[in-house]
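K.L.:
One structure follows; several queries about it will come next.
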Amino acid sequence: MTVHLPRDLDEALELRADHPEATPIAGGTDLCVHWPQRIADAPGDWLDLSGVSEIRSHQWTDDELVLGAGTTYWDVIRDPRIRRELPLLVHAARQVGAVQIQARGTWGGNVVNASPAADGVPVLMAYDAVVALRSRDGAARVPLSEFYLGYKEMRLAPDQLLTGIHIPRRTYDFEWFEKVGSRSAQAITKVGAAVTCRAAEWRVVANSVAPTVCRCPSVEALLADEHPVSGPADLKSALDQDVSPIDDIRSTARYRGEVLARLLYWGLRNECPSFT
Ligand SMILES: Cc1cc2nc3c(=O)[nH]c(=O)nc-3n(C[C@H](O)[C@H](O)[C@H](O)COP(=O)(O)OP(=O)(O)OC[C@H]3O[C@@H](n4cnc5c(N)ncnc54)[C@H](O)[C@@H]3O)c2cc1C
């Protein structure tokens with residue numbers, strides 16, 4: 001097994017191009033869960049991104065917050081400006097694992113791990129985040145809502161790395177995120193949702209109810225039309241067009257569908273002043 005240890009981004013991109021079979025590793029909190037078995041099954045090479053300082057912090061511009069792919073949850077939790085301007089990032093970060101995972105796990109790892117249950121991805125999508133991809137040959141940007149193609153499939157070429165996540169700085173009328181798990185902490189999401197609204201433009205994003213974290217366009221249209229929503233059932237009819245929950249070890253499809261509708265209704269009715 002070879003572990004490549006690039007000292008900067010250029011070197012990382014060279015190594016990525018020359019060794020596309022090597023697995024990038026950032027915090028390792030997803031990859032190491034399967035560690036003994038992974039090594040036994042596929043003793044491949046690794047591209048350790050922990051020394052690539054260009055992607056390890058976050059920066060503000062006039063229009064955006066740019067999270068380097070290696071920004072950890074803890075970096076976000078401890079930044080009071082993020083808490084003020086983009087509070088859902090902090091809210092989601094606090095719900096990822098426990099403090100040890102928050103200190104090591106990265107936002108880039110959460111995006112590329114592409115779990116339908118990821119907690120960072122819904123809030124990023126609700127904030128219209130755009131992911132920045134780099135290879136030795138160039139750069140590309142893809143809206144996060146268009147990044148996933150299917151379960152664990154995404155628009156990331158074998159020679160590319162995710163380098164950053166661009167989040168527009170905007171004022172929202174409503175921002176909300178909630179997850180349901182078996183416990184109040186250290187729980188993988190059974191059902192979760194993030195919602196933002198800005199000038200009657202809604203983003204409703206759900207996790208654990210489809211092969212990927214996904215926007216819910218029918219619910220967004222329902223809310224934008226200002227149709228009265230008298231209970232979870234009204235949301236459920238729209239949600240049924242947007243999501244396709246499955247039975248698995250953590251929950252059943254029926255539970256997920258019902259609870260997502262109730263969760264959204266509860267969040268909107270209790271937290272959103274303009275919700276009718
Ligand atoms: C105990 C425990 C609890 C957890 N709880 C939660 C939870 O509540 N919510 C949640 O969402 N997640 C949870 N996780 C999962 C994990 O912590 C997060 O998904 C985390 O964000 C992964 O980041 P990482 O840097 O550790 O990724 P890694 O494990 O290093 O990598 C994950 C994937 O991303 C790829 N990758 C990483 N960085 C890049 C890059 N820059 N470019 C290209 N590919 C890259 C890797 O090749 C790999 O496929 C938990 C994990 C553990 C072990």
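Residues are named by chain letter and number: chains run A, B, ... in the order of the structure tokens, numbers start at 1 in each chain, and ligands are numbered from 1 in the order shown.
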At a cut-off of 10 Å, using only C-alpha atoms, what residues contact segment 147-152 of chain A? Leave out same-chain residues fewer than 4 positions from it and give the result as number ranges by chain.
P.N.:
A: 111-116, 130-131, 141-143, 156, 210-214
K.L.:
As a list in words, please: all residues of segment 138-262 of chain A that backbone DSSP puts in alpha helix (DSSP H).
P.N.:
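Across segment 138-262 of chain A, those assigned alpha helix (DSSP H) are Pro217, Ser218, Val219, Glu220, Ala221, Leu222, Leu223, Ala224, Pro232, Ala233, Asp234, Leu235, Lys236, Ser237, Ala238, Leu239, Asp240, Gln241, Asp242, Ala253, Arg254, Tyr255, Arg256, Gly257, Glu258, Val259, Leu260, Ala261 and Arg262 of chain A.
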K.L.:
Within 8 Å of ligand 1 (counting only C-alpha atoms and all ligand atoms), which residues show up? I'd like them as an MDAnalysis selection string.
P.N.:
chainID A and resid 23:33 49 55 69:70 72:73 95:98 101:102 104:115 117:121 133 156 160:164 185:189
K.L.:
Can you tell me which residues surround Leu268 of chain A at a distance of at most 12 Å, considering only C-alpha atoms, apart from same-chain residues fewer than 6 positions away, and format the answer as a count of residues only?
P.N.:
23
K.L.:
When distances are computed from only C-alpha atoms, which of A:Glu220, A:Asp45, A:Asp159, A:Glu271 shows the smallest separation from Asp18 of chain A?
P.N.:
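Nearest to Asp18 of chain A: A:Asp159.
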K.L.:
Any chance you could list, as a ChimeraX atom specification, the residues in segment 41-248 of chain A that come up strand (DSSP E) when DSSP is run on the backbone?
P.N.:
/A:46-48,58-60,64-68,130-135,138-143,148-150,153-154,161-168,174-180,191-198,201-207,214-215
K.L.:
Report the distance between atom CA of Ala132 of chain A and atom CA of Ala103 of chain A in Å, rounded to one decimal place.
P.N.:
22.7 Å
K.L.:
Which residues, written as a PDB file with N, CA and C atoms, in the first residue's frame, have at least one atom at most 12 Å from Arg136 of chain A, with only C-alpha atoms counted and residues fewer than 2 positions away on the same chain left out?
P.N.:
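See out-v4.pdb below for the written result:
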```
ATOM      1  N   LEU A   9      -1.580  21.965  -3.388  1.00  0.00           N
ATOM      2  CA  LEU A   9      -2.653  21.550  -4.293  1.00  0.00           C
ATOM      3  C   LEU A   9      -2.107  21.110  -5.653  1.00  0.00           C
ATOM      4  N   ASP A  10      -1.121  21.840  -6.179  1.00  0.00           N
ATOM      5  CA  ASP A  10      -0.567  21.446  -7.484  1.00  0.00           C
ATOM      6  C   ASP A  10      -0.040  20.017  -7.437  1.00  0.00           C
ATOM      7  N   GLU A  11       0.687  19.715  -6.365  1.00  0.00           N
ATOM      8  CA  GLU A  11       1.251  18.368  -6.255  1.00  0.00           C
ATOM      9  C   GLU A  11       0.119  17.331  -6.102  1.00  0.00           C
ATOM     10  N   ALA A  12      -0.925  17.701  -5.361  1.00  0.00           N
ATOM     11  CA  ALA A  12      -2.061  16.780  -5.195  1.00  0.00           C
ATOM     12  C   ALA A  12      -2.720  16.498  -6.546  1.00  0.00           C
ATOM     13  N   LEU A  13      -2.854  17.540  -7.374  1.00  0.00           N
ATOM     14  CA  LEU A  13      -3.506  17.352  -8.677  1.00  0.00           C
ATOM     15  C   LEU A  13      -2.624  16.533  -9.629  1.00  0.00           C
ATOM     16  N   GLU A  14      -1.309  16.731  -9.532  1.00  0.00           N
ATOM     17  CA  GLU A  14      -0.387  15.898 -10.321  1.00  0.00           C
ATOM     18  C   GLU A  14      -0.539  14.435  -9.921  1.00  0.00           C
ATOM     19  N   LEU A  15      -0.545  14.198  -8.615  1.00  0.00           N
ATOM     20  CA  LEU A  15      -0.652  12.821  -8.119  1.00  0.00           C
ATOM     21  C   LEU A  15      -1.998  12.211  -8.491  1.00  0.00           C
ATOM     22  N   ARG A  16      -3.038  13.031  -8.437  1.00  0.00           N
ATOM     23  CA  ARG A  16      -4.389  12.545  -8.790  1.00  0.00           C
ATOM     24  C   ARG A  16      -4.418  12.117 -10.264  1.00  0.00           C
ATOM     25  N   ALA A  17      -3.760  12.912 -11.112  1.00  0.00           N
ATOM     26  CA  ALA A  17      -3.737  12.586 -12.541  1.00  0.00           C
ATOM     27  C   ALA A  17      -2.894  11.334 -12.803  1.00  0.00           C
ATOM     28  N   ASP A  18      -1.776  11.224 -12.115  1.00  0.00           N
ATOM     29  CA  ASP A  18      -0.864  10.091 -12.360  1.00  0.00           C
ATOM     30  C   ASP A  18      -1.321   8.804 -11.678  1.00  0.00           C
ATOM     31  N   PRO A  20      -4.894   7.802 -10.686  1.00  0.00           N
ATOM     32  CA  PRO A  20      -6.347   7.963 -10.491  1.00  0.00           C
ATOM     33  C   PRO A  20      -6.963   6.844  -9.664  1.00  0.00           C
ATOM     34  N   LEU A 133     -14.381  21.996  -8.669  1.00  0.00           N
ATOM     35  CA  LEU A 133     -13.610  20.789  -8.970  1.00  0.00           C
ATOM     36  C   LEU A 133     -12.357  21.212  -9.722  1.00  0.00           C
ATOM     37  N   ARG A 134     -11.241  20.537  -9.402  1.00  0.00           N
ATOM     38  CA  ARG A 134      -9.994  20.870 -10.104  1.00  0.00           C
ATOM     39  C   ARG A 134      -9.307  19.600 -10.554  1.00  0.00           C
ATOM     40  N   GLY A 138      -7.518  21.648 -15.506  1.00  0.00           N
ATOM     41  CA  GLY A 138      -8.459  22.766 -15.458  1.00  0.00           C
ATOM     42  C   GLY A 138      -9.386  22.708 -14.266  1.00  0.00           C
ATOM     43  N   ALA A 139     -10.335  23.661 -14.289  1.00  0.00           N
ATOM     44  CA  ALA A 139     -11.265  23.804 -13.166  1.00  0.00           C
ATOM     45  C   ALA A 139     -12.697  23.789 -13.686  1.00  0.00           C
ATOM     46  N   ALA A 140     -13.609  23.364 -12.833  1.00  0.00           N
ATOM     47  CA  ALA A 140     -15.033  23.370 -13.202  1.00  0.00           C
ATOM     48  C   ALA A 140     -15.853  23.673 -11.957  1.00  0.00           C
ATOM     49  N   ALA A 157     -14.679  13.487 -12.073  1.00  0.00           N
ATOM     50  CA  ALA A 157     -13.852  12.626 -12.927  1.00  0.00           C
ATOM     51  C   ALA A 157     -12.716  12.025 -12.094  1.00  0.00           C
ATOM     52  N   PRO A 158     -12.162  10.894 -12.563  1.00  0.00           N
ATOM     53  CA  PRO A 158     -11.105  10.219 -11.782  1.00  0.00           C
ATOM     54  C   PRO A 158      -9.868  11.081 -11.572  1.00  0.00           C
ATOM     55  N   ASP A 159      -9.666  12.106 -12.413  1.00  0.00           N
ATOM     56  CA  ASP A 159      -8.476  12.946 -12.203  1.00  0.00           C
ATOM     57  C   ASP A 159      -8.812  14.238 -11.450  1.00  0.00           C
ATOM     58  N   GLN A 160     -10.060  14.359 -10.980  1.00  0.00           N
ATOM     59  CA  GLN A 160     -10.456  15.605 -10.298  1.00  0.00           C
ATOM     60  C   GLN A 160     -10.479  15.426  -8.783  1.00  0.00           C
ATOM     61  N   LEU A 161     -10.257  16.567  -8.116  1.00  0.00           N
ATOM     62  CA  LEU A 161     -10.505  16.665  -6.676  1.00  0.00           C
ATOM     63  C   LEU A 161     -11.561  17.738  -6.449  1.00  0.00           C
TER      64      LEU A 161
END
```
K.L.:
Of the residues A:Ile246, A:Leu5, A:Val180, A:Met125, which is the one nearest to Leu260 of chain A, using only C-alpha atoms?
P.N.:
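Of the candidates, the smallest distance to Leu260 of chain A is held by A:Val180.
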